[in-house]
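Enquirer: Just final_39.txt, nothing more (compact mmCIF, C-alpha atoms):
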# COMPACT_ATOMS: atom_id res chain seq x y z
CA MET A 13 -16.95 -22.33 3.88
CA ASN A 14 -13.75 -20.35 3.30
CA TYR A 15 -13.24 -21.26 -0.34
CA GLY A 16 -15.62 -22.26 -3.07
CA LEU A 17 -16.15 -22.97 -6.73
CA CYS A 18 -19.07 -22.45 -9.11
CA ASN A 19 -20.42 -25.79 -10.35
CA LEU A 20 -23.41 -24.33 -12.22
CA SER A 21 -23.50 -22.69 -15.66
CA ASN A 22 -23.57 -19.17 -14.16
CA ILE A 23 -24.83 -17.46 -11.02
CA PRO A 24 -25.45 -13.79 -10.22
CA LEU A 25 -22.94 -11.79 -8.20
CA ARG A 26 -24.87 -9.08 -6.36
CA ILE A 27 -23.85 -5.83 -4.72
CA GLU A 28 -25.85 -6.64 -1.57
CA PRO A 29 -27.02 -9.94 0.05
CA ASP A 30 -30.53 -9.77 -1.37
CA ASP A 31 -32.24 -11.42 -4.35
CA ARG A 32 -33.54 -8.01 -5.39
CA SER A 33 -30.10 -6.41 -5.26
CA GLU A 34 -28.31 -5.22 -8.38
CA MET A 35 -26.31 -7.87 -10.26
CA VAL A 36 -22.81 -6.47 -10.76
CA SER A 37 -21.27 -9.52 -12.43
CA GLN A 38 -21.68 -13.25 -12.92
CA VAL A 39 -19.73 -16.26 -11.66
CA LEU A 40 -19.30 -18.87 -14.38
CA PHE A 41 -18.79 -22.61 -14.16
CA GLY A 42 -15.28 -23.37 -12.91
CA ASP A 43 -14.66 -19.98 -11.31
CA HIS A 44 -13.13 -20.29 -7.83
CA PHE A 45 -13.22 -17.76 -5.02
CA GLU A 46 -12.43 -16.89 -1.43
CA VAL A 47 -15.25 -16.32 1.05
CA LEU A 48 -14.91 -12.99 2.88
CA LYS A 49 -18.19 -12.90 4.86
CA LYS A 50 -21.09 -15.24 5.58
CA SER A 51 -24.74 -14.78 6.46
CA LYS A 52 -27.59 -17.28 6.73
CA GLN A 53 -28.21 -17.39 2.97
CA TRP A 54 -25.39 -15.38 1.43
CA LEU A 55 -21.63 -15.43 0.93
CA LYS A 56 -19.54 -12.37 0.17
CA ILE A 57 -16.79 -13.59 -2.13
CA LYS A 58 -13.67 -12.42 -3.93
CA LEU A 59 -13.12 -14.06 -7.29
CA ALA A 60 -9.64 -15.45 -7.87
CA PHE A 61 -9.53 -14.41 -11.53
CA ASP A 62 -9.96 -10.65 -11.11
CA ASP A 63 -10.40 -10.01 -7.34
CA TYR A 64 -13.95 -8.80 -7.97
CA GLN A 65 -16.21 -8.88 -4.92
CA GLY A 66 -19.93 -9.38 -4.36
CA TRP A 67 -22.59 -11.57 -2.79
CA ILE A 68 -23.81 -14.98 -3.98
CA ASP A 69 -26.44 -17.43 -2.74
CA ASN A 70 -24.68 -20.07 -0.64
CA LYS A 71 -26.83 -22.84 -2.21
CA GLN A 72 -25.24 -22.25 -5.61
CA THR A 73 -21.64 -23.18 -4.81
CA LEU A 74 -19.33 -26.10 -4.16
CA LYS A 75 -17.15 -25.96 -1.06
CA ILE A 76 -13.47 -26.59 -1.74
CA THR A 77 -10.37 -26.85 0.43
CA LYS A 78 -7.60 -24.27 0.56
CA LYS A 79 -5.28 -26.90 -0.92
CA TYR A 80 -7.57 -27.32 -3.93
CA TYR A 81 -7.98 -23.54 -4.22
CA ASP A 82 -4.21 -22.97 -4.23
CA LYS A 83 -3.64 -25.79 -6.70
CA LEU A 84 -6.29 -24.38 -9.02
CA ASP A 85 -4.88 -20.90 -8.59
CA SER A 86 -1.49 -22.00 -9.89
CA SER A 87 -2.73 -24.25 -12.71
CA PRO A 88 -3.16 -23.20 -16.38
CA ILE A 89 -6.51 -21.66 -17.26
CA VAL A 90 -8.35 -23.74 -19.86
CA VAL A 91 -11.80 -22.57 -20.97
CA SER A 92 -14.64 -23.75 -23.16
CA ASN A 93 -14.61 -22.34 -26.68
CA GLU A 94 -18.22 -23.29 -27.44
CA LEU A 95 -21.18 -20.91 -27.21
CA VAL A 96 -23.11 -23.54 -25.24
CA ASP A 97 -21.99 -27.04 -24.25
CA PHE A 98 -22.06 -29.38 -21.26
CA VAL A 99 -19.85 -31.41 -18.97
CA GLU A 100 -20.89 -34.90 -17.90
CA ASP A 101 -20.39 -36.46 -14.47
CA LYS A 102 -18.48 -39.68 -15.23
CA ASP A 103 -20.21 -41.57 -12.43
CA SER A 104 -23.83 -40.38 -12.41
CA LYS A 105 -23.90 -39.32 -16.11
CA GLU A 106 -25.61 -36.09 -15.05
CA LEU A 107 -25.06 -33.11 -17.34
CA ILE A 108 -24.18 -29.52 -16.39
CA SER A 109 -24.59 -26.87 -19.09
CA ILE A 110 -21.68 -24.48 -19.53
CA LEU A 111 -21.19 -21.31 -21.57
CA LEU A 112 -18.48 -19.72 -23.67
CA GLY A 113 -15.42 -18.87 -21.58
CA SER A 114 -16.24 -21.19 -18.66
CA ARG A 115 -13.17 -22.59 -16.93
CA LEU A 116 -12.46 -26.32 -17.06
CA PRO A 117 -10.45 -27.07 -13.90
CA PHE A 118 -7.45 -29.38 -14.40
CA TYR A 119 -8.50 -30.20 -17.95
CA THR A 120 -6.58 -32.98 -19.68
CA LYS A 121 -7.56 -35.45 -22.40
CA LYS A 122 -11.23 -34.44 -22.45
CA SER A 123 -11.53 -34.71 -18.66
CA LEU A 124 -11.72 -32.21 -15.83
CA GLU A 125 -11.91 -32.45 -12.07
CA LEU A 126 -14.09 -30.59 -9.58
CA ASN A 127 -12.85 -31.14 -6.05
CA GLY A 128 -12.12 -34.83 -6.58
CA LYS A 129 -15.02 -35.60 -8.92
CA GLU A 130 -14.31 -36.30 -12.60
CA TYR A 131 -16.26 -34.91 -15.53
CA SER A 132 -15.88 -35.31 -19.28
CA PHE A 133 -15.96 -32.52 -21.85
CA GLU A 134 -15.96 -33.22 -25.59
CA GLY A 135 -16.07 -29.63 -26.88
CA ASN A 136 -13.45 -27.19 -28.13
CA ILE A 137 -11.15 -25.46 -25.66
CA SER A 138 -8.93 -22.38 -25.44
CA GLY A 139 -6.21 -21.52 -23.01
CA ASN A 140 -3.01 -20.56 -24.75
CA ILE A 141 -2.08 -16.90 -25.12
CA SER A 142 -3.47 -16.00 -28.53
CA SER A 143 -2.91 -13.30 -31.14
CA LYS A 144 -4.95 -10.15 -31.70
CA LYS A 145 -6.42 -11.85 -34.77
CA SER A 146 -7.95 -14.40 -32.38
CA ILE A 147 -9.24 -11.59 -30.14
CA VAL A 148 -11.30 -10.31 -33.06
CA LYS A 149 -12.49 -13.80 -34.02
CA ILE A 150 -13.78 -14.52 -30.51
CA ALA A 151 -15.36 -11.06 -30.24
CA PHE A 152 -17.52 -11.88 -33.27
CA MET A 153 -18.88 -14.95 -31.45
CA TYR A 154 -20.72 -12.55 -29.13
CA LEU A 155 -22.22 -10.46 -31.95
CA ASN A 156 -25.91 -9.62 -31.29
CA THR A 157 -25.73 -10.79 -27.66
CA PRO A 158 -28.22 -8.59 -25.74
CA HIS A 159 -26.81 -6.09 -23.28
CA LEU A 160 -27.23 -7.16 -19.66
CA TRP A 161 -25.83 -5.12 -16.79
CA GLY A 162 -23.37 -7.38 -14.97
CA GLY A 163 -23.61 -10.07 -17.67
CA LYS A 164 -20.70 -12.19 -18.92
CA THR A 165 -22.34 -14.76 -21.20
CA PRO A 166 -23.57 -15.10 -24.81
CA PHE A 167 -27.11 -14.72 -23.44
CA GLY A 168 -26.45 -11.32 -21.88
CA ILE A 169 -23.31 -9.26 -21.43
CA ASP A 170 -22.18 -5.75 -20.54
CA CYS A 171 -19.39 -3.72 -22.15
CA SER A 172 -16.56 -4.66 -19.79
CA GLY A 173 -17.84 -8.21 -19.34
CA PHE A 174 -17.55 -8.51 -23.12
CA THR A 175 -13.96 -7.25 -23.27
CA GLN A 176 -12.94 -9.28 -20.24
CA MET A 177 -14.40 -12.54 -21.55
CA VAL A 178 -12.94 -12.13 -25.05
CA TYR A 179 -9.50 -11.54 -23.60
CA LYS A 180 -9.91 -14.38 -21.07
CA ILE A 181 -10.73 -16.88 -23.82
CA ASN A 182 -7.51 -15.78 -25.51
CA GLY A 183 -5.36 -16.27 -22.42
CA HIS A 184 -5.17 -12.66 -21.18
CA LYS A 185 -6.41 -11.24 -17.87
CA LEU A 186 -8.44 -8.06 -17.75
CA LEU A 187 -10.04 -6.59 -14.64
CA ARG A 188 -13.84 -6.53 -14.45
CA ASP A 189 -15.01 -2.92 -14.86
CA ALA A 190 -14.23 -0.57 -17.74
CA ALA A 191 -12.52 1.98 -15.46
CA GLN A 192 -10.34 -0.78 -14.01
CA GLN A 193 -9.44 -2.15 -17.44
CA ALA A 194 -8.43 1.35 -18.56
CA THR A 195 -5.58 1.25 -16.01
CA GLN A 196 -4.02 -1.73 -17.81
CA GLY A 197 -1.75 -1.76 -20.83
CA GLU A 198 0.00 0.94 -22.86
CA VAL A 199 -1.62 4.22 -23.93
CA LEU A 200 -1.84 4.89 -27.67
CA SER A 201 -2.16 8.50 -28.80
CA PHE A 202 -4.12 7.99 -32.01
CA ILE A 203 -6.51 5.45 -33.51
CA GLU A 204 -4.04 5.06 -36.36
CA GLU A 205 -1.51 3.60 -33.91
CA SER A 206 -3.93 0.89 -32.81
CA GLU A 207 -4.38 -2.61 -34.18
CA PRO A 208 -7.54 -4.74 -34.38
CA GLY A 209 -7.90 -6.30 -30.94
CA ASP A 210 -6.76 -3.24 -28.97
CA LEU A 211 -9.19 -1.60 -26.53
CA ALA A 212 -10.92 1.77 -26.59
CA PHE A 213 -12.43 3.41 -23.51
CA PHE A 214 -15.05 6.13 -23.27
CA ASP A 215 -16.08 8.59 -20.56
CA ASN A 216 -19.13 10.57 -19.48
CA GLU A 217 -19.65 14.28 -18.85
CA LYS A 218 -17.92 13.98 -15.47
CA GLY A 219 -14.83 12.38 -17.00
CA ASN A 220 -15.55 8.93 -15.55
CA ILE A 221 -14.76 5.98 -17.81
CA ILE A 222 -18.01 4.10 -18.32
CA HIS A 223 -17.63 2.14 -21.55
CA ALA A 224 -15.20 -0.13 -23.38
CA GLY A 225 -14.96 -1.79 -26.78
CA ILE A 226 -12.62 -3.77 -29.03
CA ILE A 227 -11.10 -1.99 -32.01
CA LEU A 228 -11.57 -3.57 -35.44
CA ALA A 229 -9.90 -2.85 -38.79
CA ASN A 230 -10.73 0.23 -40.90
CA ASN A 231 -11.92 2.41 -37.98
CA TYR A 232 -14.66 0.14 -36.70
CA ILE A 233 -15.36 -1.03 -33.15
CA ILE A 234 -17.30 -3.93 -31.65
CA HIS A 235 -18.95 -3.11 -28.33
CA THR A 236 -22.23 -3.40 -26.42
CA SER A 237 -24.94 -0.81 -26.89
CA GLY A 238 -28.32 -2.49 -26.57
CA LYS A 239 -26.55 -5.52 -27.98
CA VAL A 240 -23.05 -6.45 -29.10
CA ARG A 241 -22.75 -4.47 -32.33
CA ILE A 242 -20.29 -2.91 -34.77
CA ASP A 243 -20.07 0.86 -35.21
CA ARG A 244 -17.66 3.41 -36.61
CA LEU A 245 -14.83 4.79 -34.45
CA ASP A 246 -13.15 8.17 -34.86
CA GLN A 247 -11.18 10.58 -32.67
CA SER A 248 -14.43 11.89 -31.19
CA GLY A 249 -15.76 8.47 -30.24
CA ILE A 250 -18.31 5.93 -31.47
CA TYR A 251 -20.52 6.99 -34.36
CA ASN A 252 -23.81 5.12 -34.75
CA ALA A 253 -24.85 5.33 -38.42
CA GLU A 254 -28.43 4.27 -37.63
CA LEU A 255 -28.87 7.13 -35.17
CA ARG A 256 -26.62 9.45 -37.21
CA LYS A 257 -24.77 10.66 -34.14
CA HIS A 258 -21.91 9.95 -31.77
CA THR A 259 -23.06 7.86 -28.83
CA HIS A 260 -19.85 7.52 -26.77
CA LYS A 261 -16.99 10.01 -26.24
CA LEU A 262 -13.50 8.57 -26.70
CA ARG A 263 -11.20 8.90 -23.71
CA VAL A 264 -8.22 6.60 -24.28
CA ILE A 265 -6.96 3.74 -26.45
CA LYS A 266 -4.95 0.98 -24.77
CA LYS A 267 -2.68 -1.74 -26.11
CA ILE A 268 -2.83 -4.66 -23.68
CA PHE A 269 -0.25 -6.82 -25.45
What does the file become when written as structure tokens?
Expert:
Amino acid sequence: MNYGLCNLSNIPLRIEPDDRSEMVSQVLFGDHFEVLKKSKQWLKIKLAFDDYQGWIDNKQTLKITKKYYDKLDSSPIVVSNELVDFVEDKDSKELISILLGSRLPFYTKKSLELNGKEYSFEGNISGNISSKKSIVKIAFMYLNTPHLWGGKTPFGIDCSGFTQMVYKINGHKLLRDAAQQATQGEVLSFIEESEPGDLAFFDNEKGNIIHAGIILANNYIIHTSGKVRIDRLDQSGIYNAELRKHTHKLRVIKKIF
């Protein structure tokens, strides 16, 4: 297998080829990828969407041709805009559950196609480049989602998975990790210059960017800390009113579009 596609709701992407290895991200339904290395049970892959690399179980993928991969790579990205839904195999009538932000390959008129097989999808979709108002609206769909290292779904998500998925649903590409995302877009000098939907990044004592969130109106921010939550934002960073202290130190504010 040189190219593949995820045909399950979501699968773990691990740092090493071992079930006990750390999950660094997730591969969602409809995500396609290039295979870089193979072992008996595992595939090291590079995701087409953000070039992120890791290991997946080779039993959890669908083999695709390079022709299909290239065609998918150049086609518009259409994603599910439902927290949880399903696609139905038109022949067998089998159902596959899918989650918010899952890609629907070659979607048209409530149909999609996975490597020659047709499926139906009756739910809401997104795909067009949307406004910052829509960024905020989608961000609120993840509110109270528990924090999960490497997670990208409404059942568990990390800080940069949250920002990436919200932007993806609105037709914008962000890289996977917070430090990578902080290299994108235009730097803003002050919070007052930002708009709801812009991104804020935060660093640790060593100066490494380790956290990201989406700016809201009136100096608030939505981000993951235990769960997706809303806190205050000032020039020092994120202030948690429940703990009565700053929890994250502000490093930079970025305007992506």
Enquirer: Just checking: using all atoms listed in the file, which residue out of A:Arg244, A:Lys102, A:Arg263, A:Lys56 ends up closest to His223 in chain A?
Expert: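 Checking each of A:Arg244, A:Lys102, A:Arg263, A:Lys56 against His223 in chain A, counting all atoms listed in the file, the winner is A:Arg263.
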Enquirer: Find, counting all atoms listed in the file, the residue in A:Lys267, A:Phe174, A:Lys164, A:Asp243 that gets nearest to Val199 in chain A.
Expert: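 Comparing A:Lys267, A:Phe174, A:Lys164, A:Asp243 against Val199 in chain A, the winner is A:Lys267.
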Enquirer: Which value, in Å to one decimal, gives the distance between CA of His159 in chain A and CA of Val240 in chain A?
Expert: 6.9 Å
Enquirer: So which one's closest to Lys129 in chain A, A:Asn182, A:Ser172, A:Asn230, A:Ser104? Using only C-alpha atoms, please.
Expert: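 Checking each of A:Asn182, A:Ser172, A:Asn230, A:Ser104 against Lys129 in chain A, counting only C-alpha atoms, the winner is A:Ser104.
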Enquirer: Excluding Phe214 in chain A and any residue of its chain fewer than 5 positions from it, enumerate the residues within 8 Å of it, using all atoms listed in the file, and give them as a list of chain:residue names.
Expert: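 Listed by chain and then number, they are A:Ile221, A:Ile222, A:His223, A:Ala224, A:Gly249, A:His260, A:Lys261, A:Leu262, A:Arg263, A:Val264.
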Enquirer: Rank nothing, just name the residue among A:Val90, A:Leu112, A:Leu187, A:Leu107 nearest to Tyr64 in chain A, using all atoms listed in the file.
Expert: A:Leu187
Enquirer: Report the distance between CA of Leu116 in chain A and CA of Asp101 in chain A in Å, rounded to one decimal place.
Expert: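 CA of Leu116 in chain A sits 13.1 Å away from CA of Asp101 in chain A.
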Enquirer: What is the CA of Ser138 in chain A to CA of Val91 in chain A distance in Å?
Expert: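 About the pair CA of Ser138 in chain A and CA of Val91 in chain A: they are 5.3 Å apart.
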Enquirer: Near range 74-84 of chain A, within 7 Å and counting only C-alpha atoms, which residues show up once chain neighbours fewer than 2 positions away are dropped, as an mmCIF file with C-alpha atoms, keeping the file's coordinate frame?
Expert:
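Contents of selection.cif, freshly written:
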data_model
loop_
_atom_site.group_PDB
_atom_site.id
_atom_site.type_symbol
_atom_site.label_atom_id
_atom_site.label_comp_id
_atom_site.auth_asym_id
_atom_site.auth_seq_id
_atom_site.Cartn_x
_atom_site.Cartn_y
_atom_site.Cartn_z
ATOM 1 C CA MET A 13 -16.950 -22.330 3.880
ATOM 2 C CA TYR A 15 -13.240 -21.260 -0.340
ATOM 3 C CA GLY A 16 -15.620 -22.260 -3.070
ATOM 4 C CA LEU A 17 -16.150 -22.970 -6.730
ATOM 5 C CA CYS A 18 -19.070 -22.450 -9.110
ATOM 6 C CA ASN A 19 -20.420 -25.790 -10.350
ATOM 7 C CA SER A 86 -1.490 -22.000 -9.890
ATOM 8 C CA SER A 87 -2.730 -24.250 -12.710
ATOM 9 C CA PRO A 117 -10.450 -27.070 -13.900
ATOM 10 C CA ASN A 127 -12.850 -31.140 -6.050
#
Enquirer: Here is a test: counting all atoms listed in the file, which residue of A:Lys218, A:Lys121, A:Lys149, A:Lys239 is nearest to Ile169 in chain A?
Expert: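 Counting all atoms listed in the file, the residue closest to Ile169 in chain A is A:Lys239.
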Enquirer: Neighbours of Leu245 in chain A within 10 Å (only C-alpha atoms; same-chain residues fewer than 6 positions away dropped), as a list of chain:residue names?
Expert: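 Close residues of Leu245 in chain A: A:Ile203, A:Ala212, A:Ile227, A:Leu228, A:Asn230, A:Asn231, A:Tyr232, A:Ile233, A:Ile234, A:Tyr251, A:Asn252, A:His258, A:His260, A:Lys261, A:Leu262.
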Enquirer: Using all atoms listed in the file, determine which residues lie at most 8 Å from Ile265 in chain A, disregarding the query and same-chain residues fewer than 4 positions distant; provide the list as a PyMOL selection string.
Expert: chain A and resi 199-203+206+210-213
Enquirer: Pick from A:Ile27, A:Ile137, A:Val96, A:Val178: nearest to Phe152 in chain A, with all atoms listed in the file counted?
Expert: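 Between A:Ile27, A:Ile137, A:Val96, A:Val178, the residue approaching Phe152 in chain A most closely is A:Val178.
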